[in-house]
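Beneath this line is the structure, given in structure tokens, with notes to follow.
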Amino acid sequence: MPVLDSVTLRARDAIKGIWREAAKFGVVGALAFVVDNGGYNLLVFGLPGGVEGGVMRTAPVQASVIATTAAALFSWVGNRYWTYRGRHREKVTRELLLFLVANGVGLAITAGTVYASRHLLGLDSPLSDNTARIFGWVLATLFRFYAYRRYVFVPS
């Protein structure tokens, strides 16, 4: 029975560790979401109540790339120094490169949903843009959580 108890304790600790990590990842991600979507809406639609729209109202896909890039940089700092502070690599450059590759895929997923909404479905309202971005963001977040754990933030 001691072996079964040991395995049970190890499994419980592993699950607690993953949940703790997922919670921290979620907090950083929620804040990055605010940076991403807030930045996008400001760039494309401008300040609330504005009638002319944002400075990038005619370039929503490019605005999505800019907003997602700003959120990715915020996310790297938050994840490196809080979520995965005990797992980051000694070589910051390699870690950042892998992080940027993972986020490049996430960026393509998010921008791709905006592209599909705008150019394939012909939708261009704030609701349709934000729905497309949220859908893309959920898919990209799932991909990034996996990629960070597996490839980016691994012990040296």
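Labels used: A, B, ... for chains in the order of the structure tokens, numbers from 1 for residues in each chain, and numbers from 1 for ligands as shown.
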Tell me, counting only C-alpha atoms, for each residue of stretch 44-76 of chain A within 7 Å of stretch 86-109 of chain A, which pair of atoms is nearest and how far apart they are in Å to one decimal, in rows ordered by chain and increasing number, as JSON lines.
```
{"residue": "A:Val65", "atom": "CA", "partner": "A:Leu107", "partner_atom": "CA", "distance": 6.6}
{"residue": "A:Thr68", "atom": "CA", "partner": "A:Leu107", "partner_atom": "CA", "distance": 6.3}
{"residue": "A:Ala72", "atom": "CA", "partner": "A:Asn103", "partner_atom": "CA", "distance": 6.6}
```
For C-alpha atoms, I'd like the residues from the last selection saved as a PDB file, in the first residue's frame.
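Wrote it out as out_22.pdb, contents follow:
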```pdb
ATOM      1  CA  VAL A  65      -0.896  42.195 -35.639  1.00  0.00           C
ATOM      2  CA  THR A  68      -1.193  41.056 -30.573  1.00  0.00           C
ATOM      3  CA  ALA A  72       2.849  39.021 -26.623  1.00  0.00           C
TER       4      ALA A  72
END
```
With stretch 43-49 of chain A as the partner and 12 Å as the cut-off, tabulate the residues of stretch 60-130 of chain A that qualify, each row holding the nearest pair of atoms and their distance in Å to one decimal, using only C-alpha atoms, sorted by chain and rising number, as CSV.
```
residue,atom,partner,partner_atom,distance
A:Pro60,CA,A:Val44,CA,6.1
A:Val61,CA,A:Val44,CA,9.5
A:Gln62,CA,A:Val44,CA,9.7
A:Ala63,CA,A:Leu43,CA,6.2
A:Ser64,CA,A:Leu43,CA,8.8
A:Val65,CA,A:Leu43,CA,11.0
A:Ile66,CA,A:Leu43,CA,9.1
A:Ala67,CA,A:Leu43,CA,8.4
A:Thr68,CA,A:Leu43,CA,11.9
A:Asp124,CA,A:Val44,CA,10.9
A:Ser125,CA,A:Phe45,CA,9.8
A:Pro126,CA,A:Phe45,CA,7.7
A:Leu127,CA,A:Phe45,CA,11.4
A:Asp129,CA,A:Val44,CA,9.9
A:Asn130,CA,A:Val44,CA,11.1
```
Which of A:Val51, A:Ser75, A:Ile15, A:Leu120 sits closest to A:Arg144 [using only C-alpha atoms] | A:Ser75
Using the chain letters and numbers from this document, which residues of chain A does DSSP assign to alpha helix (DSSP H), as a ChimeraX atom specification?
-> /A:2-45,60-78,92-115,126-147
Residue contacts of A:Ala132 (8 Å, only C-alpha atoms) excluding same-chain residues fewer than 3 positions away, as a list of chain:residue names =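 Using only C-alpha atoms, the neighbours found are A:Thr110, A:Thr113, A:Val114, A:Ser117, A:Ser128, A:Asp129, A:Phe135, A:Gly136.
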How would the residues just picked look written out with N, CA, C and O atoms as a short mmCIF file (atom, residue, chain, number, x, y, z; two decimals), in the first residue's frame?
```cif
data_model
loop_
_atom_site.label_atom_id
_atom_site.label_comp_id
_atom_site.auth_asym_id
_atom_site.auth_seq_id
_atom_site.Cartn_x
_atom_site.Cartn_y
_atom_site.Cartn_z
N THR A 110 -4.97 34.32 -34.58
CA THR A 110 -5.86 35.43 -34.25
C THR A 110 -6.12 36.32 -35.47
O THR A 110 -7.27 36.67 -35.76
N THR A 113 -8.47 34.65 -38.02
CA THR A 113 -9.91 34.69 -37.76
C THR A 113 -10.50 36.05 -38.15
O THR A 113 -11.62 36.11 -38.66
N VAL A 114 -9.73 37.13 -37.96
CA VAL A 114 -10.19 38.45 -38.40
C VAL A 114 -10.24 38.48 -39.94
O VAL A 114 -11.22 38.97 -40.53
N SER A 117 -13.27 36.52 -41.07
CA SER A 117 -14.50 37.26 -40.80
C SER A 117 -14.69 38.41 -41.79
O SER A 117 -15.78 38.58 -42.35
N SER A 128 -18.64 41.70 -34.92
CA SER A 128 -18.08 40.58 -35.69
C SER A 128 -16.55 40.53 -35.57
O SER A 128 -15.98 39.45 -35.45
N ASP A 129 -15.90 41.70 -35.58
CA ASP A 129 -14.45 41.73 -35.41
C ASP A 129 -14.05 41.16 -34.04
O ASP A 129 -13.14 40.34 -33.93
N PHE A 135 -12.59 34.33 -30.66
CA PHE A 135 -12.50 32.94 -31.11
C PHE A 135 -11.03 32.60 -31.43
O PHE A 135 -10.51 31.56 -31.00
N GLY A 136 -10.37 33.47 -32.17
CA GLY A 136 -8.95 33.24 -32.50
C GLY A 136 -8.08 33.26 -31.26
O GLY A 136 -7.14 32.47 -31.13
#
```
Atomic separation - atom CA of A:Gly39 relative to atom CA of A:Ala23, Å |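 Straight-line distance from atom CA of A:Ala23 to atom CA of A:Gly39 works out to 23.8 Å.
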Could you tell me how far atom CA of A:Trp76 lies from atom CA of A:Ile18, in Å and to one decimal?
->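 A separation of 18.6 Å between them.
In this structure, atom CA of A:Asp36 sits 5.2 Å away from atom CA of A:Ala71.
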Tell me which of A:Trp19, A:Pro2, A:Gly53, A:Phe74 sits closest to A:Val34, counting only C-alpha atoms.
->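 Between A:Trp19, A:Pro2, A:Gly53, A:Phe74, the residue approaching A:Val34 most closely is A:Phe74.
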Would you please work out which residue, of A:Ala147, A:Gly122, A:Tyr81, A:Val138, is nearest to A:Phe33 when using only C-alpha atoms?
->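 Between A:Ala147, A:Gly122, A:Tyr81, A:Val138, the residue approaching A:Phe33 most closely is A:Val138.
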